[in-house]
Amino acid sequence: MKENFYDFNKLKRSYRSVGLKKNDSIYLTGDLFLLGQFKPTRKILYYHFKAITDLIGKGGTISFPTFSYSLAKNKKIFSLEDTPSETGALTEYLRKKKGSIRQVHPYSSITSLGKNAKFICTNNSKHAYGYDSPFQRLYELNAKYISLGIKPNLVCSLSHHVETILNVPYRFTKEFNHIVKLKDKKKIKEKFYLFVLYNYLRKIPRDKNKKIFKNFKKKNKIYKAKCGTGYIYCYSIKKFQDTTVSLLKKNIYAWMSDEPKKKIWNNF
């Protein structure tokens with residue numbers, strides 16, 4: 001078999017190589033396209049799910065992003081059951097699985113499947129990150145962050161979770177009002193929150209988490225395994241959060257390329 005193709009056996013070996021094991025809780029993200037072509041092609045979503053569940057078992061949990069940020073602009077009703085995930089075919093496939101539980105957040109929802117799904121994705125705060133968010137629950141479960149095809153520093157919502165915890169000065173909490181359709185078909189209008197950059201900072205050069213991951217790798221390991229034309233990556237959410245909190249306490253601007261010269265908060 002050519003290297004740019006992979007099958008179920010290779011996929012399962014790769015997941016095992018990065019450390020997936022029985023009873024693990026994981027957060028799964030990335031881009032399947034970057035792993036190359038799977039055989040049989042039509043079964044790619046099923047076999048990714050099967051490979052993971054074979055390894056983590058009934059005691060494990062899969063969490064994944066089911067973001068729908070477009071709703072922040074078009075204001076369509078957010079339906080827990082019907083609003084599709086905007087973060088790829090695999091997350092949409094998993095979202096539709098029986099037993100999946102989706103966080104009530106119209107823009108930044110996370111969905112979970114498995115033993116700890118209810119703990120992770122119910123009774124959350126109305127914020128995307130921070131206290132009582134799914135990311136904080138994953139931290140408490142010592143979950144693993146899995147990236148398919150994309151280098152970890154380029155797909156790391158965890159850094160924004162840490163920014164929220166430390167209330168970094170270059171972001172502010174923005175309030176939205178949105179109509180949500182719950183599983184019982186009841187519609188409610190609630191306030192939800194995102195931790196967003198000040199407008200004048202949106203076009204500044206980004207560091208792409210380089211300093212954050214350089215610091216993380218000093219004492220922690222990112223596991224990776226070849227799969228098709230790309231790699232599967234895995235690291236500890238708890239270790240990442242603890243390490244990055246410590247870094248941002250020393251350098252609150254570590255997420256940015258440079259400390260901003262103009263600071264809007266100095267005008268208060």
# chains A, B, ... in the order shown; residues from 1 in each chain; ligands from 1

$ closest_atom_pairs --of "segment 141-179 of chain A" --to "segment 115-118 of chain A" --cutoff "12 Å" --atoms "only C-alpha atoms" --output "tab-separated table"
residue	atom	partner	partner_atom	distance
A:Leu141	CA	A:Asn116	CA	8.7
A:Asn142	CA	A:Asn116	CA	11.9
A:Ala143	CA	A:Asn116	CA	10.7

$ write_last_selection --atoms "N, CA, C and O atoms" --output "PDB file, in the first residue's frame"
ATOM      1  N   LEU A 141     -10.941  16.020  34.181  1.00  0.00           N
ATOM      2  CA  LEU A 141     -10.910  14.589  33.846  1.00  0.00           C
ATOM      3  C   LEU A 141      -9.529  14.148  33.362  1.00  0.00           C
ATOM      4  O   LEU A 141      -9.340  12.975  33.012  1.00  0.00           O
ATOM      5  N   ASN A 142      -8.581  15.068  33.317  1.00  0.00           N
ATOM      6  CA  ASN A 142      -7.232  14.762  32.803  1.00  0.00           C
ATOM      7  C   ASN A 142      -7.318  14.178  31.395  1.00  0.00           C
ATOM      8  O   ASN A 142      -6.687  13.170  31.073  1.00  0.00           O
ATOM      9  N   ALA A 143      -8.105  14.845  30.558  1.00  0.00           N
ATOM     10  CA  ALA A 143      -8.347  14.375  29.193  1.00  0.00           C
ATOM     11  C   ALA A 143      -7.155  14.638  28.280  1.00  0.00           C
ATOM     12  O   ALA A 143      -6.238  15.401  28.615  1.00  0.00           O
TER      13      ALA A 143
END

$ select_by_dssp --residues "segment 120-230 of chain A" --states "helix (DSSP H, G or I)" --output "PyMOL selection string"
chain A and resi 120-121+134-140+152-154+158-166+199-201+210-216

$ write_last_selection --atoms "C-alpha atoms" --output "PDB file, in the first residue's frame"
ATOM      1  CA  ILE A 120     -18.682  17.692  30.290  1.00  0.00           C
ATOM      2  CA  CYS A 121     -21.554  19.237  28.333  1.00  0.00           C
ATOM      3  CA  PRO A 134     -16.473  21.928  28.790  1.00  0.00           C
ATOM      4  CA  PHE A 135     -12.741  22.687  28.573  1.00  0.00           C
ATOM      5  CA  GLN A 136     -12.526  23.063  32.341  1.00  0.00           C
ATOM      6  CA  ARG A 137     -14.408  19.779  32.791  1.00  0.00           C
ATOM      7  CA  LEU A 138     -11.963  18.081  30.390  1.00  0.00           C
ATOM      8  CA  TYR A 139      -9.128  19.488  32.496  1.00  0.00           C
ATOM      9  CA  GLU A 140     -10.673  17.962  35.619  1.00  0.00           C
ATOM     10  CA  PRO A 152      -1.033  21.372  17.738  1.00  0.00           C
ATOM     11  CA  ASN A 153      -0.018  25.039  17.862  1.00  0.00           C
ATOM     12  CA  LEU A 154      -2.258  25.768  14.856  1.00  0.00           C
ATOM     13  CA  LEU A 158      -7.141  25.604  24.923  1.00  0.00           C
ATOM     14  CA  SER A 159      -5.010  28.747  24.703  1.00  0.00           C
ATOM     15  CA  HIS A 160      -8.200  30.843  24.613  1.00  0.00           C
ATOM     16  CA  HIS A 161      -9.509  28.923  27.612  1.00  0.00           C
ATOM     17  CA  VAL A 162      -6.365  29.906  29.544  1.00  0.00           C
ATOM     18  CA  GLU A 163      -6.696  33.519  28.352  1.00  0.00           C
ATOM     19  CA  THR A 164     -10.222  33.540  29.785  1.00  0.00           C
ATOM     20  CA  ILE A 165      -9.083  32.118  33.120  1.00  0.00           C
ATOM     21  CA  LEU A 166      -6.459  34.862  33.455  1.00  0.00           C
ATOM     22  CA  ASN A 199     -11.273  45.555  17.262  1.00  0.00           C
ATOM     23  CA  TYR A 200      -8.057  47.477  16.748  1.00  0.00           C
ATOM     24  CA  LEU A 201      -6.020  44.336  17.517  1.00  0.00           C
ATOM     25  CA  LYS A 210       4.691  29.308  19.117  1.00  0.00           C
ATOM     26  CA  LYS A 211       5.887  30.696  22.454  1.00  0.00           C
ATOM     27  CA  ILE A 212       3.169  28.824  24.295  1.00  0.00           C
ATOM     28  CA  PHE A 213       4.085  25.447  22.788  1.00  0.00           C
ATOM     29  CA  LYS A 214       7.825  26.056  23.027  1.00  0.00           C
ATOM     30  CA  ASN A 215       7.296  26.584  26.738  1.00  0.00           C
ATOM     31  CA  PHE A 216       5.002  23.549  27.002  1.00  0.00           C
TER      32      PHE A 216
END

$ atom_distance --atom1 "atom CA of His105 of chain A" --atom2 "atom CA of Lys58 of chain A"
26.7 Å

$ closest_atom_pairs --of "segment 22-68 of chain A" --to "segment 79-94 of chain A" --cutoff "12 Å" --atoms "only C-alpha atoms" --output "Markdown table"
| residue | atom | partner | partner_atom | distance |
| --- | --- | --- | --- | --- |
| A:Tyr27 | CA | A:Thr91 | CA | 11.0 |
| A:Leu28 | CA | A:Thr91 | CA | 8.5 |
| A:Thr29 | CA | A:Thr91 | CA | 8.0 |
| A:Gly30 | CA | A:Gly88 | CA | 8.5 |
| A:Asp31 | CA | A:Gly88 | CA | 7.3 |
| A:Leu32 | CA | A:Leu90 | CA | 7.9 |
| A:Phe33 | CA | A:Gly88 | CA | 10.0 |
| A:Lys43 | CA | A:Leu90 | CA | 11.2 |
| A:Ile44 | CA | A:Leu90 | CA | 8.8 |
| A:Leu45 | CA | A:Leu90 | CA | 5.8 |
| A:Tyr46 | CA | A:Tyr93 | CA | 8.4 |
| A:Tyr47 | CA | A:Leu90 | CA | 10.6 |
| A:His48 | CA | A:Leu90 | CA | 8.4 |
| A:Phe49 | CA | A:Leu94 | CA | 7.8 |
| A:Lys50 | CA | A:Leu94 | CA | 11.2 |
| A:Ile52 | CA | A:Leu94 | CA | 11.8 |
| A:Thr53 | CA | A:Leu94 | CA | 11.8 |
| A:Thr61 | CA | A:Leu94 | CA | 11.8 |
| A:Ile62 | CA | A:Leu94 | CA | 9.0 |
| A:Ser63 | CA | A:Leu94 | CA | 9.2 |
| A:Phe64 | CA | A:Thr91 | CA | 6.4 |
| A:Pro65 | CA | A:Thr87 | CA | 6.6 |
| A:Thr66 | CA | A:Ser85 | CA | 4.3 |
| A:Phe67 | CA | A:Ser85 | CA | 5.6 |
| A:Ser68 | CA | A:Glu86 | CA | 5.4 |

$ select_by_dssp --residues "segment 27-206 of chain A" --states "strand (DSSP E or B)" --output "VMD selection string"
chain A and resid 27 to 30 37 to 38 61 to 65 78 to 79 101 to 102 110 to 114 127 144 to 148 171 to 181 187 to 197 206

$ residues_around --residues "Tyr235 of chain A" --least-positions-apart "4" --cutoff "7 Å" --atoms "only C-alpha atoms" --output "list in words"
Lys144, Tyr145, Ile146, Lys221, Ile222 and Tyr223 of chain A

$ closest_residue --among "A:Arg13, A:Lys239, A:Lys183, A:Lys217" --to "Arg102 of chain A" --atoms "only C-alpha atoms"
A:Lys183

$ atom_distance --atom1 "atom CA of Gly228 of chain A" --atom2 "atom CA of Gly59 of chain A"
28.5 Å

$ residues_around --residues "Lys249 of chain A" --least-positions-apart "2" --cutoff "12 Å" --atoms "only C-alpha atoms" --output "list in words"
Val162, Glu163, Ile165, Leu166, Asn167, Val168, Asp242, Thr243, Thr244, Val245, Ser246, Leu247, Asn251, Ile252, Tyr253, Ala254 and Trp255 of chain A

$ residues_around --residues "Gly60 of chain A" --least-positions-apart "3" --cutoff "9 Å" --atoms "only C-alpha atoms" --output "MDAnalysis selection string"
chainID A and resid 21:26 53 55:57 113:116
